[in-house]
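Structure data (mmCIF, C-alpha atoms and all ligand atoms) from query36.cif:
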```cif
data_structure
loop_
_atom_site.label_atom_id
_atom_site.label_comp_id
_atom_site.auth_asym_id
_atom_site.auth_seq_id
_atom_site.Cartn_x
_atom_site.Cartn_y
_atom_site.Cartn_z
CA ARG I 1070 -30.79 -9.55 18.32
CA LEU I 1071 -28.37 -7.35 16.45
CA LYS I 1072 -24.76 -8.43 16.75
CA PRO I 1073 -21.56 -6.58 15.89
CA ARG I 1074 -19.80 -8.15 12.94
CA SER I 1075 -16.24 -7.51 14.14
CA ASP I 1076 -15.21 -11.17 13.90
CA ALA I 1077 -16.81 -11.45 10.51
CA VAL I 1078 -14.94 -8.41 9.25
CA ILE I 1079 -11.56 -8.37 11.02
CA ARG I 1080 -9.44 -11.49 11.54
CA PRO I 1081 -9.59 -12.20 15.28
CA ASP I 1082 -5.86 -13.02 15.38
CA PHE I 1083 -4.84 -9.76 13.73
CA LYS I 1084 -2.66 -7.44 15.82
CA PHE I 1085 -2.34 -3.80 14.83
CA GLU I 1086 1.21 -3.66 16.19
CA ASP I 1087 2.24 -6.36 13.69
CA MET I 1088 1.24 -4.23 10.72
CA GLY I 1089 4.88 -3.48 9.82
CA VAL I 1090 3.91 -0.13 8.33
CA GLY I 1091 5.72 2.87 9.81
CA GLY I 1092 4.66 6.50 10.12
CA LEU I 1093 1.18 6.08 8.66
CA ASP I 1094 -0.94 5.80 11.82
CA LYS I 1095 -3.01 8.87 10.97
CA GLU I 1096 -3.61 7.72 7.41
CA PHE I 1097 -4.46 4.20 8.52
CA THR I 1098 -6.97 5.50 11.08
CA GLN I 1099 -8.59 7.64 8.40
CA ILE I 1100 -8.77 4.73 5.94
CA PHE I 1101 -10.26 2.50 8.61
CA ARG I 1102 -12.86 5.05 9.70
CA ARG I 1103 -13.98 5.81 6.15
CA ALA I 1104 -13.83 2.40 4.51
CA PHE I 1105 -14.18 -0.28 7.19
CA ALA I 1106 -15.68 0.89 10.48
CA SER I 1107 -19.24 0.82 9.12
CA ARG I 1108 -18.83 -2.80 8.05
CA ILE I 1109 -18.56 -3.84 11.71
CA PHE I 1110 -22.11 -2.64 12.39
CA PRO I 1111 -25.04 -4.81 11.41
CA PRO I 1112 -26.13 -3.76 7.89
CA GLN I 1113 -29.65 -2.93 9.10
CA VAL I 1114 -28.26 -0.25 11.42
CA ILE I 1115 -26.11 1.31 8.71
CA ALA I 1116 -29.13 1.29 6.40
CA LYS I 1117 -30.97 3.39 8.99
CA LEU I 1118 -28.31 6.08 8.59
CA GLY I 1119 -29.18 6.20 4.93
CA ILE I 1120 -25.57 5.73 3.84
CA SER I 1121 -23.84 3.06 1.82
CA HIS I 1122 -20.40 1.53 2.29
CA VAL I 1123 -17.46 3.12 0.58
CA LYS I 1124 -16.51 1.01 -2.42
CA GLY I 1125 -13.50 2.86 -3.76
CA LEU I 1126 -10.39 3.99 -1.93
CA LEU I 1127 -7.58 5.87 -3.65
CA LEU I 1128 -4.10 5.97 -2.13
CA TYR I 1129 -1.92 8.53 -3.83
CA GLY I 1130 1.50 10.05 -3.30
CA PRO I 1131 5.18 9.70 -4.19
CA PRO I 1132 6.69 6.29 -5.03
CA GLY I 1133 7.93 3.98 -2.30
CA THR I 1134 5.92 5.49 0.54
CA GLY I 1135 4.04 2.33 1.48
CA LYS I 1136 0.85 2.49 -0.61
CA THR I 1137 1.11 -1.10 -1.79
CA LEU I 1138 2.24 -2.19 1.65
CA ILE I 1139 -0.77 -0.63 3.39
CA ALA I 1140 -3.21 -2.01 0.78
CA ARG I 1141 -1.83 -5.53 1.27
CA LYS I 1142 -1.92 -5.19 5.06
CA ILE I 1143 -5.55 -4.13 4.89
CA GLY I 1144 -6.16 -7.28 2.85
CA ASN I 1145 -4.43 -9.39 5.55
CA MET I 1146 -6.30 -7.74 8.37
CA LEU I 1147 -9.75 -8.39 7.01
CA ASN I 1148 -11.68 -11.57 6.91
CA ALA I 1149 -11.82 -11.08 3.20
CA LYS I 1150 -11.14 -13.16 0.14
CA GLU I 1151 -7.50 -13.07 -0.89
CA PRO I 1152 -7.28 -9.62 -2.54
CA LYS I 1153 -6.99 -9.57 -6.31
CA ILE I 1154 -3.94 -7.48 -7.07
CA VAL I 1155 -3.74 -6.10 -10.58
CA ASN I 1156 -1.03 -4.01 -12.05
CA GLY I 1157 -2.81 -1.43 -14.25
CA PRO I 1158 -1.16 -2.22 -17.60
CA GLU I 1159 -1.86 -5.96 -17.16
CA ILE I 1160 -5.52 -5.24 -17.80
CA LEU I 1161 -4.90 -3.85 -21.25
CA SER I 1162 -5.15 -6.24 -24.14
CA LYS I 1163 -4.57 -5.56 -27.80
CA TYR I 1164 -7.67 -7.58 -28.69
CA VAL I 1165 -10.87 -5.64 -29.17
CA GLY I 1166 -13.10 -5.87 -26.13
CA SER I 1167 -10.66 -7.99 -24.11
CA SER I 1168 -9.55 -5.21 -21.79
CA GLU I 1169 -13.16 -4.51 -20.83
CA GLU I 1170 -13.73 -8.19 -20.30
CA ASN I 1171 -10.67 -8.34 -18.03
CA ILE I 1172 -12.27 -5.62 -15.89
CA ARG I 1173 -15.63 -7.41 -15.78
CA ASN I 1174 -13.91 -10.64 -14.75
CA LEU I 1175 -12.35 -8.94 -11.75
CA PHE I 1176 -15.81 -8.27 -10.33
CA LYS I 1177 -17.38 -11.58 -11.27
CA ASP I 1178 -16.66 -13.65 -8.13
CA ALA I 1179 -17.91 -10.91 -5.84
CA GLU I 1180 -21.09 -10.48 -7.87
CA GLN I 1181 -21.83 -14.20 -7.87
CA GLU I 1182 -21.23 -14.56 -4.15
CA TYR I 1183 -23.41 -11.55 -3.36
CA LYS I 1184 -26.22 -12.96 -5.43
CA ALA I 1185 -26.02 -16.23 -3.51
CA LYS I 1186 -25.34 -15.00 0.01
CA GLY I 1187 -26.30 -11.32 0.18
CA GLU I 1188 -25.01 -9.60 3.32
CA GLU I 1189 -23.42 -12.85 4.52
CA SER I 1190 -21.02 -12.71 1.58
CA SER I 1191 -17.37 -12.03 2.44
CA LEU I 1192 -15.66 -8.84 1.42
CA HIS I 1193 -13.85 -8.87 -1.93
CA ILE I 1194 -10.94 -6.50 -2.39
CA ILE I 1195 -9.51 -5.52 -5.74
CA ILE I 1196 -6.19 -3.69 -5.58
CA PHE I 1197 -5.25 -1.69 -8.68
CA ASP I 1198 -1.61 -0.62 -8.81
CA GLU I 1199 -0.53 2.10 -11.27
CA LEU I 1200 -4.11 3.21 -11.77
CA ASP I 1201 -3.03 6.25 -13.79
CA SER I 1202 -1.40 4.13 -16.49
CA VAL I 1203 -4.77 2.75 -17.55
CA PHE I 1204 -7.50 5.04 -16.31
CA LYS I 1205 -6.24 8.25 -17.83
CA GLN I 1206 -8.49 11.16 -18.59
CA ARG I 1207 -10.67 9.99 -21.48
CA GLY I 1208 -9.72 11.43 -24.84
CA SER I 1209 -6.18 12.18 -23.60
CA ARG I 1210 -4.40 9.15 -25.04
CA GLY I 1211 -4.04 10.42 -28.55
CA ASP I 1212 -3.41 6.93 -29.93
CA GLY I 1213 -6.79 7.06 -31.66
CA THR I 1214 -7.73 3.56 -30.53
CA GLY I 1215 -10.16 4.55 -27.82
CA VAL I 1216 -9.16 1.39 -25.94
CA GLY I 1217 -8.26 3.40 -22.84
CA ASP I 1218 -11.60 5.24 -22.99
CA ASN I 1219 -13.57 2.01 -23.15
CA VAL I 1220 -11.67 0.68 -20.17
CA VAL I 1221 -12.48 3.78 -18.13
CA ASN I 1222 -16.14 3.45 -19.11
CA GLN I 1223 -16.17 -0.20 -18.13
CA LEU I 1224 -14.68 0.48 -14.71
CA LEU I 1225 -17.17 3.31 -14.19
CA ALA I 1226 -20.04 0.99 -15.10
CA LYS I 1227 -18.75 -1.67 -12.72
CA MET I 1228 -18.21 0.72 -9.84
CA ASP I 1229 -21.66 2.21 -10.28
CA GLY I 1230 -23.10 -1.26 -10.47
CA VAL I 1231 -21.39 -2.07 -7.20
CA ASP I 1232 -24.08 0.11 -5.62
CA GLN I 1233 -26.22 -2.89 -4.91
CA LEU I 1234 -23.22 -4.96 -3.82
CA ASN I 1235 -22.07 -4.37 -0.29
CA ASN I 1236 -19.20 -6.82 -0.54
CA ILE I 1237 -16.68 -5.04 -2.74
CA LEU I 1238 -13.89 -2.58 -2.12
CA VAL I 1239 -11.62 -1.35 -4.90
CA ILE I 1240 -8.31 0.11 -3.73
CA GLY I 1241 -6.52 2.16 -6.37
CA MET I 1242 -2.95 3.39 -6.14
CA THR I 1243 -1.17 6.08 -8.08
CA ASN I 1244 1.73 8.49 -8.06
CA ARG I 1245 -0.21 10.79 -10.40
CA ARG I 1246 -3.73 11.50 -9.24
CA ASP I 1247 -3.82 14.45 -11.65
CA LEU I 1248 -3.77 12.08 -14.66
CA ILE I 1249 -6.75 9.98 -13.60
CA ASP I 1250 -10.10 10.46 -15.33
CA ASN I 1251 -12.12 12.87 -13.19
CA ALA I 1252 -15.25 10.77 -13.42
CA LEU I 1253 -13.49 8.05 -11.43
CA LEU I 1254 -12.77 10.45 -8.59
CA ARG I 1255 -16.40 11.42 -7.96
CA PRO I 1256 -18.48 10.32 -4.98
CA GLY I 1257 -19.54 6.70 -5.26
CA ARG I 1258 -16.37 5.76 -7.13
CA PHE I 1259 -12.90 6.35 -5.64
CA GLU I 1260 -14.56 8.58 -3.10
CA VAL I 1261 -12.12 8.24 -0.24
CA GLN I 1262 -8.77 9.61 -1.26
CA VAL I 1263 -5.87 9.45 1.14
CA GLU I 1264 -2.54 11.02 0.45
CA ILE I 1265 0.45 8.93 1.50
CA LYS I 1266 3.26 11.44 1.88
CA LEU I 1267 6.96 11.10 2.49
CA PRO I 1268 7.43 10.26 6.18
CA ASP I 1269 8.36 12.93 8.73
CA GLU I 1270 11.16 12.36 11.25
CA ALA I 1271 8.97 10.40 13.69
CA GLY I 1272 7.68 8.28 10.79
CA ARG I 1273 11.22 7.63 9.56
CA LEU I 1274 12.18 6.46 13.04
CA GLN I 1275 9.30 3.96 13.00
CA ILE I 1276 10.28 2.75 9.51
CA LEU I 1277 13.94 2.40 10.59
CA GLU I 1278 12.78 0.36 13.59
CA ILE I 1279 10.77 -1.91 11.29
CA GLN I 1280 13.52 -2.28 8.70
CA THR I 1281 16.26 -3.02 11.29
CA LYS I 1282 14.12 -5.24 13.52
CA LYS I 1283 15.75 -8.50 12.43
CA MET I 1284 19.31 -7.25 12.82
CA ARG I 1285 18.49 -5.72 16.21
CA ASP I 1286 16.72 -8.85 17.48
CA ASN I 1287 19.68 -10.94 16.34
CA GLY I 1288 22.27 -8.66 17.99
CA MET I 1289 23.83 -7.76 14.64
CA ILE I 1290 23.63 -3.99 14.92
CA GLY I 1291 26.47 -1.96 16.45
CA LYS I 1292 25.91 -0.36 19.87
CA ASP I 1293 26.97 2.94 18.34
CA VAL I 1294 23.99 3.00 15.95
CA ASN I 1295 21.38 5.51 17.04
CA LEU I 1296 18.19 5.20 15.00
CA LYS I 1297 17.06 8.66 16.13
CA GLU I 1298 20.20 10.15 14.61
CA LEU I 1299 19.53 8.25 11.36
CA ALA I 1300 15.91 9.44 11.32
CA ALA I 1301 17.19 13.01 11.47
CA LEU I 1302 19.73 12.35 8.70
CA THR I 1303 17.24 10.82 6.26
CA LYS I 1304 15.13 13.86 5.41
CA ASN I 1305 13.11 13.32 2.19
CA PHE I 1306 13.73 9.55 2.21
CA SER I 1307 10.73 7.37 1.38
CA GLY I 1308 10.11 4.09 3.20
CA ALA I 1309 11.50 2.19 0.22
CA GLU I 1310 14.64 4.36 0.29
CA ILE I 1311 15.06 3.71 4.02
CA GLU I 1312 14.83 -0.01 3.23
CA GLY I 1313 17.51 0.59 0.57
CA LEU I 1314 19.67 2.40 3.14
CA VAL I 1315 19.54 -0.55 5.54
CA LYS I 1316 20.51 -2.90 2.71
CA SER I 1317 23.38 -0.67 1.66
CA ALA I 1318 24.66 -0.38 5.28
CA SER I 1319 24.51 -4.19 5.57
CA SER I 1320 26.54 -4.53 2.38
CA PHE I 1321 29.24 -2.23 3.81
CA ALA I 1322 29.30 -4.36 6.97
CA ILE I 1323 29.53 -7.57 4.97
CA ASN I 1324 32.26 -6.18 2.77
CA LYS I 1325 34.27 -5.14 5.87
CA THR I 1326 34.33 -8.80 6.89
CA VAL I 1327 34.78 -10.32 3.45
CA ASN I 1328 36.88 -7.47 2.10
CA ILE I 1329 36.73 -8.15 -1.57
CA GLY I 1330 38.99 -5.15 -2.18
CA GLN I 1331 41.85 -6.92 -0.33
CA GLY I 1332 41.17 -10.30 -1.84
CA LYS I 1333 39.85 -11.76 1.44
CA THR I 1334 36.95 -13.99 0.61
CA ASN I 1335 37.65 -17.01 2.83
CA LEU I 1336 35.71 -16.63 6.01
CA ASN I 1337 36.49 -18.38 9.28
CA ALA I 1338 34.01 -18.86 12.13
CA LYS I 1339 35.29 -15.76 13.92
CA ASP I 1340 34.72 -13.62 10.83
CA ILE I 1341 31.19 -14.88 10.56
CA GLU I 1342 30.47 -14.17 14.21
CA SER I 1343 31.95 -10.71 14.01
CA LEU I 1344 29.48 -9.50 11.37
CA HIS I 1345 27.59 -6.48 12.63
CA VAL I 1346 26.35 -3.25 11.10
CA SER I 1347 27.95 -0.16 12.65
CA ARG I 1348 27.18 3.55 12.65
CA GLN I 1349 29.96 4.07 10.11
CA ASP I 1350 28.31 1.52 7.78
CA PHE I 1351 25.11 3.57 7.93
CA LEU I 1352 27.04 6.80 7.31
CA ASN I 1353 28.69 5.17 4.27
CA ALA I 1354 25.27 4.09 3.08
CA LEU I 1355 23.99 7.66 3.43
CA SER I 1356 26.55 8.80 0.90
CA GLU I 1357 25.38 6.09 -1.49
CA VAL I 1358 21.58 6.12 -1.23
CA VAL I 1359 20.22 9.41 -2.48
CA PRO I 1360 16.51 10.21 -2.08
CA ALA I 1361 14.63 10.80 -5.32
CA PHE I 1362 13.01 13.89 -3.85
CA GLY I 1363 16.08 15.95 -3.13
CA VAL I 1364 14.06 19.01 -2.18
CA SER I 1365 11.74 19.03 0.78
CA GLU I 1366 7.98 18.95 0.30
CA GLU I 1367 7.84 22.40 1.91
CA ASP I 1368 10.17 23.73 -0.80
CA LEU I 1369 7.87 22.38 -3.48
CA LYS I 1370 4.75 24.13 -2.18
P1 LIG I 1401 4.93 2.82 -5.75
O1 LIG I 1401 4.10 4.05 -5.84
O2 LIG I 1401 6.27 2.96 -6.39
O3 LIG I 1401 4.20 1.56 -6.16
P2 LIG I 1401 4.43 2.34 -2.96
O4 LIG I 1401 4.06 3.60 -2.26
O5 LIG I 1401 3.36 1.37 -3.28
O6 LIG I 1401 5.33 2.66 -4.21
P3 LIG I 1401 5.59 0.18 -1.48
O7 LIG I 1401 5.68 -0.76 -2.63
O8 LIG I 1401 4.50 -0.04 -0.51
O9 LIG I 1401 5.53 1.65 -2.02
O10 LIG I 1401 6.99 0.22 -0.71
C1 LIG I 1401 8.11 -0.53 -1.12
C2 LIG I 1401 8.80 -1.13 0.09
O11 LIG I 1401 9.35 -0.08 0.88
C3 LIG I 1401 7.85 -1.87 1.01
O12 LIG I 1401 7.70 -3.21 0.63
C4 LIG I 1401 8.55 -1.72 2.36
O13 LIG I 1401 9.54 -2.68 2.53
C5 LIG I 1401 9.18 -0.36 2.27
N1 LIG I 1401 8.31 0.68 2.84
C6 LIG I 1401 7.74 1.71 2.17
N2 LIG I 1401 7.01 2.48 2.99
C7 LIG I 1401 7.08 1.92 4.21
C8 LIG I 1401 6.50 2.24 5.48
N3 LIG I 1401 5.71 3.32 5.63
N4 LIG I 1401 6.77 1.43 6.52
C9 LIG I 1401 7.59 0.35 6.38
N5 LIG I 1401 8.16 0.00 5.21
C10 LIG I 1401 7.93 0.77 4.14
#
```
Represent the supplied structure as structure tokens.
Ligand code: ATP
Amino acid sequence: RLKPRSDAVIRPDFKFEDMGVGGLDKEFTQIFRRAFASRIFPPQVIAKLGISHVKGLLLYGPPGTGKTLIARKIGNMLNAKEPKIVNGPEILSKYVGSSEENIRNLFKDAEQEYKAKGEESSLHIIIFDELDSVFKQRGSRGDGTGVGDNVVNQLLAKMDGVDQLNNILVIGMTNRRDLIDNALLRPGRFEVQVEIKLPDEAGRLQILEIQTKKMRDNGMIGKDVNLKELAALTKNFSGAEIEGLVKSASSFAINKTVNIGQGKTNLNAKDIESLHVSRQDFLNALSEVVPAFGVSEEDLK
């Protein structure tokens, strides 16, 4: 009898509400539908559709929007081998042929396991951060070494070879999709491309809730703090910048208690208990943390 493979694919103890990623529900649903849903069906059924699993997923968009976060969470959610996370430039080696070998090595475990176990093999995830720094358009480097070109060719060869392997997913991340070699963006390679944009107001509210969860749970946030108001005031902030805002507000709150400016650095128990982050601390933080994208995305279109 054919059985669903949900337990084999998704960790049974995984809860979607614990993802800790804000404002990306739509993107996550799309990623799941394109890259994972088919893996829950028995392989024989998917074969009848005449399709193969997606083996490359590209997450692109401005810095600090949660691309790495979502890639790691996907890794945690799946009953997969611990994802291999590689920062693009790490792959490059000054020794002839070593960079290509580094790429081949990334795929080795998955290939060996697939040979031994076939469809029973667990999913192997390779996460490539800063994809654009290594897999630039071939011929565009201008350093005359051709090292970058060989690396692109090697990744292409590996991803094409993955055809017969159903147990690999490569997740690439970049701020500059326009710089990546076109051949890597074709069907069969990084074929599912999901843009991770700056969060809208509802997304910012979710991210603020995530980033202030600890201080709220521990009763360390002022009653005057209204996260909805802060969501409205943080237009063009990325998730990472919202995290920075919460840190900055905390530092204002801490400094109010310690008050380095007035030479008060000895804390008594009452001082320690009184620590809480108020609306004013957040407003102070807003004058300190400036979003990198000062103009709205609409303005840029
Ligand atoms: P880069 O392109 O610079 O590598 P990125 O898009 O991969 O950036 P992350 O590294 O995922 O960004 O984000 C940095 C940190 O910002 C995260 O570890 C998290 O704390 C916070 N953050 C960013 N986006 C979100 C989000 N959508 N929800 C919750 N936290 C977020």
Contacts of ligand LIG 1401 (chain I), 9 Å or closer, only C-alpha atoms and all ligand atoms, given as a compact mmCIF listing (two decimals) with C-alpha atoms, in the frame of the given file:
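Dumped to pocket.txt:
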```txt
# COMPACT_ATOMS: atom_id res chain seq x y z
CA MET I 1088 1.24 -4.23 10.72
CA GLY I 1089 4.88 -3.48 9.82
CA VAL I 1090 3.91 -0.13 8.33
CA GLY I 1091 5.72 2.87 9.81
CA GLY I 1092 4.66 6.50 10.12
CA LEU I 1093 1.18 6.08 8.66
CA LEU I 1128 -4.10 5.97 -2.13
CA TYR I 1129 -1.92 8.53 -3.83
CA GLY I 1130 1.50 10.05 -3.30
CA PRO I 1131 5.18 9.70 -4.19
CA PRO I 1132 6.69 6.29 -5.03
CA GLY I 1133 7.93 3.98 -2.30
CA THR I 1134 5.92 5.49 0.54
CA GLY I 1135 4.04 2.33 1.48
CA LYS I 1136 0.85 2.49 -0.61
CA THR I 1137 1.11 -1.10 -1.79
CA LEU I 1138 2.24 -2.19 1.65
CA ILE I 1139 -0.77 -0.63 3.39
CA ALA I 1140 -3.21 -2.01 0.78
CA ARG I 1141 -1.83 -5.53 1.27
CA ASP I 1198 -1.61 -0.62 -8.81
CA GLU I 1199 -0.53 2.10 -11.27
CA MET I 1242 -2.95 3.39 -6.14
CA THR I 1243 -1.17 6.08 -8.08
CA ASN I 1244 1.73 8.49 -8.06
CA ILE I 1265 0.45 8.93 1.50
CA LYS I 1266 3.26 11.44 1.88
CA LEU I 1267 6.96 11.10 2.49
CA PRO I 1268 7.43 10.26 6.18
CA GLY I 1272 7.68 8.28 10.79
CA ARG I 1273 11.22 7.63 9.56
CA GLN I 1275 9.30 3.96 13.00
CA ILE I 1276 10.28 2.75 9.51
CA LEU I 1277 13.94 2.40 10.59
CA GLU I 1278 12.78 0.36 13.59
CA ILE I 1279 10.77 -1.91 11.29
CA GLN I 1280 13.52 -2.28 8.70
CA SER I 1307 10.73 7.37 1.38
CA GLY I 1308 10.11 4.09 3.20
CA ALA I 1309 11.50 2.19 0.22
CA GLU I 1310 14.64 4.36 0.29
CA ILE I 1311 15.06 3.71 4.02
CA GLU I 1312 14.83 -0.01 3.23
CA GLY I 1313 17.51 0.59 0.57
```
Practice problem: Could you tell me how far CA of Ile1154 in chain I lies from CA of Ile1240 in chain I, in Å and to one decimal? | Solution: 9.4 Å
Exercise. Select, from I:Leu1299, I:Ala1354, I:Leu1127, I:Val1203, the residue with the minimum atom-to-atom distance to Phe1259 in chain I, counting all atoms listed in the file.
Key: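 Among the listed residues, I:Leu1127 lies closest to Phe1259 in chain I.
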Self-check item: Protein/DNA/RNA residues near (-5.4, -8.2, -12.2), cut 9 Å, all atoms listed in the file, as a ChimeraX atom specification
Solution: /I:1153-1157,1159-1160,1171-1172,1175,1195-1197
Quiz item: Pick from I:Met1146, I:Ser1343, I:Asn1236, I:Phe1083: nearest to Gln1181 in chain I, with only C-alpha atoms counted?
Solution: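 Going through I:Met1146, I:Ser1343, I:Asn1236, I:Phe1083 one by one, the smallest distance to Gln1181 in chain I is for I:Asn1236.
Among I:Asp1201, I:Asp1094, I:Asp1286, I:Glu1342, the residue with the shortest atom-to-atom distance to Ile1249 in chain I, counting all atoms listed in the file, is I:Asp1201.
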Quiz item: Which is closer to Gly1288 in chain I than all the others in I:Asp1082, I:Asp1250, I:Ser1347, I:Lys1339, using only C-alpha atoms?
Solution: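 Nearest to Gly1288 in chain I: I:Ser1347.
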Self-check item: Pick from I:Ala1338, I:Arg1102, I:Gly1257, I:Gln1349, whichever lies nearest to Asn1295 in chain I using all atoms listed in the file
Solution: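 Going through I:Ala1338, I:Arg1102, I:Gly1257, I:Gln1349 one by one, the smallest distance to Asn1295 in chain I is for I:Gln1349.
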Quiz item: Taking into account only C-alpha atoms, which residue in the set I:Gly1187, I:Arg1255, I:Glu1260, I:Lys1084 is nearest to Ala1104 in chain I?
Solution: I:Glu1260
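In this model, the gap between CA of Lys1292 in chain I and CA of Leu1355 in chain I comes to 18.4 Å.
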Quiz item: So how many Å separate CA of Leu1126 in chain I and CA of Lys1304 in chain I, to one decimal?
Solution: 28.3 Å
Written-out range 1241-1296 of chain I (C-alpha atoms) as a compact mmCIF listing (two decimals), in the first residue's frame:
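Dumped to selection16.txt:
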```
# COMPACT_ATOMS: atom_id res chain seq x y z
CA GLY I 1241 20.88 29.86 -2.79
CA MET I 1242 20.65 33.35 -1.34
CA THR I 1243 21.56 36.68 -2.83
CA ASN I 1244 20.96 40.40 -2.68
CA ARG I 1245 21.88 40.67 -6.37
CA ARG I 1246 20.07 38.18 -8.56
CA ASP I 1247 21.04 40.30 -11.58
CA LEU I 1248 24.74 39.36 -11.13
CA ILE I 1249 24.22 35.60 -11.12
CA ASP I 1250 25.14 33.57 -14.20
CA ASN I 1251 21.95 33.14 -16.23
CA ALA I 1252 22.59 29.46 -16.83
CA LEU I 1253 22.13 28.86 -13.10
CA LEU I 1254 18.69 30.43 -13.17
CA ARG I 1255 17.24 28.11 -15.81
CA PRO I 1256 14.70 25.35 -15.16
CA GLY I 1257 16.28 22.36 -13.47
CA ARG I 1258 18.78 24.54 -11.61
CA PHE I 1259 17.66 27.36 -9.28
CA GLU I 1260 14.23 27.03 -10.82
CA VAL I 1261 12.11 28.27 -7.95
CA GLN I 1262 12.93 31.87 -7.22
CA VAL I 1263 11.22 33.64 -4.37
CA GLU I 1264 11.67 37.30 -3.66
CA ILE I 1265 11.96 38.16 0.02
CA LYS I 1266 10.98 41.82 0.19
CA LEU I 1267 11.06 44.39 2.95
CA PRO I 1268 8.13 43.66 5.27
CA ASP I 1269 4.87 45.61 5.04
CA GLU I 1270 3.20 47.04 8.14
CA ALA I 1271 1.49 43.76 9.10
CA GLY I 1272 4.80 41.92 8.59
CA ARG I 1273 6.65 44.46 10.73
CA LEU I 1274 4.11 43.94 13.50
CA GLN I 1275 4.76 40.19 13.41
CA ILE I 1276 8.54 40.75 13.46
CA LEU I 1277 8.20 43.21 16.38
CA GLU I 1278 6.16 40.59 18.24
CA ILE I 1279 8.88 38.01 17.64
CA GLN I 1280 11.74 40.32 18.56
CA THR I 1281 10.08 41.59 21.77
CA LYS I 1282 8.67 38.22 22.85
CA LYS I 1283 11.19 37.66 25.64
CA MET I 1284 10.81 41.13 27.14
CA ARG I 1285 7.01 40.90 26.93
CA ASP I 1286 6.90 37.41 28.47
CA ASN I 1287 9.17 38.61 31.28
CA GLY I 1288 7.11 41.75 31.97
CA MET I 1289 9.98 44.04 30.99
CA ILE I 1290 8.17 46.14 28.42
CA GLY I 1291 6.35 49.35 29.39
CA LYS I 1292 2.54 49.35 29.31
CA ASP I 1293 2.74 52.43 27.11
CA VAL I 1294 4.46 50.53 24.29
CA ASN I 1295 2.11 49.87 21.40
CA LEU I 1296 3.66 47.52 18.83
```
